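Undergrad: Right, I'll just put the structure down here and ask away after.
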Amino acid sequence: MSRRFFVLLLVLAASVLVFGVPISAQDGPRWDGGDDLPTNPLECPGEDPATPDPSVEPVPFNGGQAVNPPDLAGQDIVLVDVPKLIGIGYFAATTLGQQQAAEELGNVTVTTDAPTEANIDDQIAVIDNYITQGVNGILFAANDPVAIAPVLTRALEAGIHVVGYDANSLPEAREWFVNQAEFNGIAKAMMDSMAAEKGEDASFGIVTSTFTTPNQARWIAEMQAYQEKCYPNMTWLETLEAQEDQVLSLNQANTLINKYGEDLDGIFGMTSVATPASAEAVTQAGLCGQVAVVGLATPNAMKPYVESGCVQSVVLWNPVDLGYAAVYVMRAVADGTLTPESTSVEAGRLGELQIVNGSEVLLGPPFIYNMDNINDFDF
Amino acid sequence: MTTSDLSISQPGSKLGRFRSLLFSQEGILFIILLLSIVVLSVISEPFRTVDNFLNQGRQLAEVGLVALPMTYIIITGGIDLSVGSIFGLTAIVLGYSWKNLGLPLEAAIVLALTIAVLAGLFNGLLIVRMGVPPLIMTLATLALYRGLAQGISEGRSVTGYPDWFLHLGQGSVAGVPTQVWLLVISAIIAGVILSRTTFGRSIYAIGNNETGARFSGIAVGRVKLLIYSASGLMAGLAGWIFVSRTTTTRSDMGSGLELDVIAAVVLGGTSIFGGSGSIVGTVIGVVLIQVLKNGLQLAGITVDGTIVVIGFVLLGSVFLNNSIQRRRGAL
């Protein structure tokens with residue numbers, strides 16, 4: 001083995017060390033998959049809801065604007081919907097809601113098209129192609145809030161209306177975003193459910209998509225803040241990444257079960273793939289009742305586990321309503337009835353939806369599916 | 001392959017040379033590419049616009065740049081599966097050393113590209129000195145480099161790049177996207193090196209018979225070190241361009257890139273067993289895949305339908321190519 005080889009190896013090892021240090025250092029934020037943004041935990045159970053401070057000015061409109069869009073008021077519009085990916089139950093449900101809204105309105109055509117993997121590069125390419133093809137509006141759920149911004153800005157510059165739902169982009173790169181539930185609302189519902197099932201001193205692990213996925217990172221940060229405020233005796237064990245992949249999620253849930261054994265009281269599933277996979281892992285390990293699974297998922301995927309009693313609470317909004325609202329918001333933008341000055345928007349069967357955070361339309365409080373109601377839903 | 005093409009055609013006959021060119025792998029692919037462009041242009045009006053072609057150029061540049069050294073590597077009978085991870089590692093080192101270590105952005109770019117070259121060199125060193133098969137080695141570093149990228153970034157993205165930095169990914173020079181210039185220049189250099197230099201010939205020699213090449217005095221080890229380092233450099237360059245194009249840095253950037261790149265190279269006629277292939281073929285392969293992805297979607301086919309069609313085209317062109325080559329072999 002020549003000396004040169006070892007010198008080169010040494011250089012590489014040194015460079016790895018320099019960059020590897022932060023892995024072990026851990027003085028930064030915790031390795032829990034949360035983001036760095038400020039948190040705003042809601043009131044603990046039993047406390048009075050905090051009344052909004054009337055002296056606080058509402059956030060002014062901070063969305064973007066389509067440049068010289070054609071006047072589409074009352075006219076037929078053609079929309080494309082680009083979710084993070086296709087082929088999973090969740091986005092099939094938003095698509096269903098969009099089709100319902102399109103049918104009710106009668107003057108909207110919406111097509112769903114997206115990559116089969118949640119890949120930012122592919123999603124950008126798809127949106128780009130639809131800009132070239134020419135549509136009246138783009139509905140999207142972003143795989144990355146920043147990476148998607150340049151292509152959405154291009155759409156706005158081409159006079160195409162842009163409305164997000166489910167996963168936001170930078171605000172200036174789209175006009176409106178339909179927010180399915182505020183992050184602190186979901187966080188509260190998740191932690192309260194865990195506390196109700198396993199007590200206020202439960203130890204839990206989390207299976208999430210990736211640490212950079214905006215929604216999941218935000219929820220985890222809010223869950224952490226709410227737990228510190230309301231359940232200080234709970235123990236965070238570990239957060240594991242599983243993309244939105246079924247096999248990987250199952251493996252990661254098994255990792256938590258095997259690694260922490262008796263210490264593990266519960267698993268939070270942060271994606272509609274991770275939650276049923278975690279429930280499956282717990283069922284296979286014969287730990288139903290001993291390890292609680294609380295998480296975000298579509299009801300159909302969770303029915304077997306809820307019916308067997310292995311899972312008691314599934315936290316979610318109604319994704320059918322989410323897709324439905326997104327189309328109504330887009331229609332209102334095209335008609336010119338939803339403007340930066342608006343404080344609410346009319347959305348068919350959902351009634352008036354409030355506008356929050358400058359340019360977001362709020363769908364409402366989260367919904368908890370349990371044994372009593374889960375069979376009323378089919379998506 | 002290029003030398004054998006010439007020997008099969010009748011020397012001096014213009015028709016023979018034309019036929020040999022037409023029925024070379026590149027010739028057949030080029031005809032398929034032209035046909036695709038013509039058909040898609042007829043079907044879809046937005047497809048045949050200059051804007052669309054330039055925009056597609058912007059999107060294929062990253063895969064194209066990485067495909068050039070990949071062609072070299074596959075011709076020597078090797079493979080580099082770690083390019084997507086080097087792509088991601090470069091992006092993260094760039095963002096992290098700028099934002100968290102406080103380096104000037106220019107220095108961060110240099111550092112990131114240096115790491116990319118070292119990452120490629122590391123692949124080469126273990127393949128050459130330890131005799132680790134390239135598939136195993138780069139499969140290991142595929143995981144290793146991606147893990148490093150995730151560890152360094154702690155899963156957090158870096159954003160807020162200054163405007164000048166975005167020029168590479170989003171700007172244009174003389175109306176053509178910046179990265180397309182970079183790709184064209186790199187492709188010409190890579191093509192000339194492969195077909196017109198001793199170094200290029202030694203790449204073919206290694207792929208055809210490595211032991212023979214060694215005994216004819218070719219510095220096999222040095223050639224391999226160079227091409228794996230070049231692969232690292234190009235993956236790093238592509239990573240830098242991608243960061244500039246998307247204005248953000250994520251540790252999962254470039255995942256799956258290796259498959260797109262290898263598909264394009266193999267579609268371009270480079271034999272996965274080594275010994276034959278060309279840069280022209282690779283460029284046509286890269287462009288053909290992009291044209292199909294873009295054109296089929298513009299023609300109203302959904303994304304999942306598009307990838308099915310691309311799969312069939314890959315199969316079809318390999319089949320067509322094989323049957324024509326076989327017939328030629330029988331002549």
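Here, A, B, ... name the chains of the structure tokens in the order displayed, residue numbers run from 1 inside each chain, and ligands are numbered from 1 in the same displayed order.
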Write down, as a list in words, each residue of chain B that has any atom within 7 Å of an atom of chain A, counting only C-alpha atoms.

TA: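 Interface list for chain B against chain A: Pro46, Asn52, Leu118, Gly151, Ile152, Gly155, Arg156, Ser157, Thr246, Thr247, Thr248, Asn294, Gln297, Leu298, Thr302, Val303 and Asp304 of chain B.
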
Undergrad: Deliver the residues from the most recent selection as a file, using N, CA, C and O atoms, as a PDB file, in the first residue's frame.

TA:
```
ATOM      1  N   PRO B  46     -47.497  23.704 -27.404  1.00  0.00           N
ATOM      2  CA  PRO B  46     -46.517  24.306 -26.486  1.00  0.00           C
ATOM      3  C   PRO B  46     -45.148  23.616 -26.532  1.00  0.00           C
ATOM      4  O   PRO B  46     -44.142  24.228 -26.205  1.00  0.00           O
ATOM      5  N   ASN B  52     -39.757  26.482 -24.469  1.00  0.00           N
ATOM      6  CA  ASN B  52     -39.834  25.144 -23.891  1.00  0.00           C
ATOM      7  C   ASN B  52     -38.508  24.415 -24.037  1.00  0.00           C
ATOM      8  O   ASN B  52     -38.028  23.794 -23.097  1.00  0.00           O
ATOM      9  N   LEU B 118     -12.832  14.768  -3.820  1.00  0.00           N
ATOM     10  CA  LEU B 118     -12.273  13.810  -2.858  1.00  0.00           C
ATOM     11  C   LEU B 118     -13.189  12.597  -2.697  1.00  0.00           C
ATOM     12  O   LEU B 118     -12.728  11.465  -2.595  1.00  0.00           O
ATOM     13  N   GLY B 151     -26.179  13.908   8.259  1.00  0.00           N
ATOM     14  CA  GLY B 151     -25.582  14.196   9.556  1.00  0.00           C
ATOM     15  C   GLY B 151     -25.129  15.639   9.664  1.00  0.00           C
ATOM     16  O   GLY B 151     -25.396  16.314  10.657  1.00  0.00           O
ATOM     17  N   ILE B 152     -24.455  16.116   8.629  1.00  0.00           N
ATOM     18  CA  ILE B 152     -23.948  17.484   8.660  1.00  0.00           C
ATOM     19  C   ILE B 152     -25.099  18.473   8.741  1.00  0.00           C
ATOM     20  O   ILE B 152     -25.084  19.425   9.511  1.00  0.00           O
ATOM     21  N   GLY B 155     -30.626  17.433   8.897  1.00  0.00           N
ATOM     22  CA  GLY B 155     -31.928  17.467   8.253  1.00  0.00           C
ATOM     23  C   GLY B 155     -32.488  18.854   8.020  1.00  0.00           C
ATOM     24  O   GLY B 155     -33.626  19.002   7.600  1.00  0.00           O
ATOM     25  N   ARG B 156     -31.704  19.878   8.284  1.00  0.00           N
ATOM     26  CA  ARG B 156     -32.219  21.237   8.099  1.00  0.00           C
ATOM     27  C   ARG B 156     -31.785  21.794   6.750  1.00  0.00           C
ATOM     28  O   ARG B 156     -30.693  21.485   6.278  1.00  0.00           O
ATOM     29  N   SER B 157     -32.626  22.607   6.140  1.00  0.00           N
ATOM     30  CA  SER B 157     -32.257  23.156   4.847  1.00  0.00           C
ATOM     31  C   SER B 157     -31.624  24.532   5.031  1.00  0.00           C
ATOM     32  O   SER B 157     -31.848  25.205   6.030  1.00  0.00           O
ATOM     33  N   THR B 246     -32.830  25.811  -7.347  1.00  0.00           N
ATOM     34  CA  THR B 246     -33.965  25.683  -6.439  1.00  0.00           C
ATOM     35  C   THR B 246     -33.848  26.610  -5.231  1.00  0.00           C
ATOM     36  O   THR B 246     -34.734  26.617  -4.386  1.00  0.00           O
ATOM     37  N   THR B 247     -32.759  27.379  -5.138  1.00  0.00           N
ATOM     38  CA  THR B 247     -32.529  28.369  -4.078  1.00  0.00           C
ATOM     39  C   THR B 247     -32.539  27.781  -2.673  1.00  0.00           C
ATOM     40  O   THR B 247     -32.745  28.503  -1.714  1.00  0.00           O
ATOM     41  N   THR B 248     -32.352  26.493  -2.546  1.00  0.00           N
ATOM     42  CA  THR B 248     -32.324  25.906  -1.213  1.00  0.00           C
ATOM     43  C   THR B 248     -31.417  24.680  -1.212  1.00  0.00           C
ATOM     44  O   THR B 248     -31.062  24.170  -2.260  1.00  0.00           O
ATOM     45  N   ASN B 294     -40.967  15.511 -21.094  1.00  0.00           N
ATOM     46  CA  ASN B 294     -41.608  16.805 -21.311  1.00  0.00           C
ATOM     47  C   ASN B 294     -42.735  16.694 -22.333  1.00  0.00           C
ATOM     48  O   ASN B 294     -43.882  17.084 -22.079  1.00  0.00           O
ATOM     49  N   GLN B 297     -45.912  14.679 -21.413  1.00  0.00           N
ATOM     50  CA  GLN B 297     -46.771  15.388 -20.461  1.00  0.00           C
ATOM     51  C   GLN B 297     -47.521  16.521 -21.148  1.00  0.00           C
ATOM     52  O   GLN B 297     -48.701  16.724 -20.922  1.00  0.00           O
ATOM     53  N   LEU B 298     -46.804  17.237 -22.021  1.00  0.00           N
ATOM     54  CA  LEU B 298     -47.469  18.329 -22.735  1.00  0.00           C
ATOM     55  C   LEU B 298     -48.538  17.787 -23.672  1.00  0.00           C
ATOM     56  O   LEU B 298     -49.510  18.467 -23.978  1.00  0.00           O
ATOM     57  N   THR B 302     -50.395  11.676 -18.319  1.00  0.00           N
ATOM     58  CA  THR B 302     -50.025  11.970 -16.935  1.00  0.00           C
ATOM     59  C   THR B 302     -48.632  11.417 -16.637  1.00  0.00           C
ATOM     60  O   THR B 302     -48.083  10.637 -17.398  1.00  0.00           O
ATOM     61  N   VAL B 303     -48.101  11.841 -15.478  1.00  0.00           N
ATOM     62  CA  VAL B 303     -46.722  11.491 -15.145  1.00  0.00           C
ATOM     63  C   VAL B 303     -46.522   9.983 -15.063  1.00  0.00           C
ATOM     64  O   VAL B 303     -45.535   9.446 -15.567  1.00  0.00           O
ATOM     65  N   ASP B 304     -47.473   9.283 -14.437  1.00  0.00           N
ATOM     66  CA  ASP B 304     -47.279   7.831 -14.313  1.00  0.00           C
ATOM     67  C   ASP B 304     -47.332   7.166 -15.681  1.00  0.00           C
ATOM     68  O   ASP B 304     -46.592   6.219 -15.954  1.00  0.00           O
TER      69      ASP B 304
END
```

Undergrad: Using only C-alpha atoms, determine which residues lie at most 9 Å from B:Ser85, disregarding the query and same-chain residues fewer than 6 positions distant; provide the list as a ChimeraX atom specification.

TA: /B:141-147,149,235,251-258

Undergrad: Do a neighbour search on stretch 306-314 of chain A at 9 Å with only C-alpha atoms, toss out local chain neighbours closer than 3 positions, and write the hits as an MDAnalysis selection string.

TA: chainID A and resid 190 193:194 197 275 279 282:283 287:289 291:299 302:303 367:371 374

Undergrad: Run DSSP on the backbone and grab whatever in stretch 44-266 of chain A lands in helix (DSSP H, G or I); send it over as a ChimeraX atom specification.

TA: /A:89-105,120-133,149-157,171-173,183-198,214-230,246-263

Undergrad: When you draw a straight line from atom CA of A:Val329 to atom CA of A:Glu182, how long is it in Å?

TA: 17.7 Å

Undergrad: How far is it from atom CA of A:Asn254 to atom CA of A:Val207, in Å with one decimal?

TA: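 Value for the atom CA of A:Asn254-atom CA of A:Val207 distance: 10.3 Å.
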
Undergrad: Near B:Ser186, within 12 Å and counting only C-alpha atoms, which residues show up once chain neighbours fewer than 6 positions away are dropped, as number ranges by chain?

TA: B: 61-62, 64-69, 179-180, 192-193, 230, 233-234, 237-238, 279, 283

Undergrad: Using only C-alpha atoms, which residues sit within 8 Å of A:Gln243 once same-chain residues fewer than 6 positions away are excluded, as a count of residues only?

TA: 4

Undergrad: Do you know which residues are at most 8 Å from B:Arg129 counting only C-alpha atoms, after dropping those on the same chain fewer than 2 positions away, and could you put them as an mmCIF file with N, CA and C atoms, in the first residue's frame?

TA:
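Result went into around14.cif, see below:
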```cif
data_model
loop_
_atom_site.group_PDB
_atom_site.id
_atom_site.type_symbol
_atom_site.label_atom_id
_atom_site.label_comp_id
_atom_site.auth_asym_id
_atom_site.auth_seq_id
_atom_site.Cartn_x
_atom_site.Cartn_y
_atom_site.Cartn_z
ATOM 1 N N MET A 1 0.855 -1.206 0.000
ATOM 2 C CA MET A 1 0.000 0.000 0.000
ATOM 3 C C MET A 1 0.889 1.253 0.000
ATOM 4 N N LEU B 125 -9.883 5.191 -5.269
ATOM 5 C CA LEU B 125 -8.768 4.610 -4.518
ATOM 6 C C LEU B 125 -9.086 3.200 -4.029
ATOM 7 N N LEU B 126 -10.270 3.045 -3.456
ATOM 8 C CA LEU B 126 -10.584 1.714 -2.941
ATOM 9 C C LEU B 126 -10.818 0.712 -4.055
ATOM 10 N N ILE B 127 -11.352 1.223 -5.191
ATOM 11 C CA ILE B 127 -11.566 0.324 -6.333
ATOM 12 C C ILE B 127 -10.214 -0.117 -6.904
ATOM 13 N N GLY B 131 -9.015 -3.251 -4.821
ATOM 14 C CA GLY B 131 -9.695 -4.189 -5.704
ATOM 15 C C GLY B 131 -11.163 -4.413 -5.359
ATOM 16 N N GLY B 221 -4.559 2.065 -13.200
ATOM 17 C CA GLY B 221 -4.950 2.651 -11.922
ATOM 18 C C GLY B 221 -5.139 4.156 -12.027
#
```

Undergrad: What separation in Å, quoted to one decimal, exists between atom CA of B:Asn208 and atom CA of B:Ile324?

TA: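 Atom CA of B:Asn208 sits 21.5 Å away from atom CA of B:Ile324.
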
Undergrad: Write down as a PyMOL selection string the residues belonging to stretch 112-156 of chain A that are assigned strand (DSSP E) by DSSP computed on the backbone.

TA: chain A and resi 112+137-140

Undergrad: I'd like the contact shell of stretch 25-42 of chain B - 7 Å cut-off, only C-alpha atoms, skipping same-chain residues fewer than 6 positions apart - returned as a PyMOL selection string.

TA: chain B and resi 48+268-269+280-281+284+288+295+321
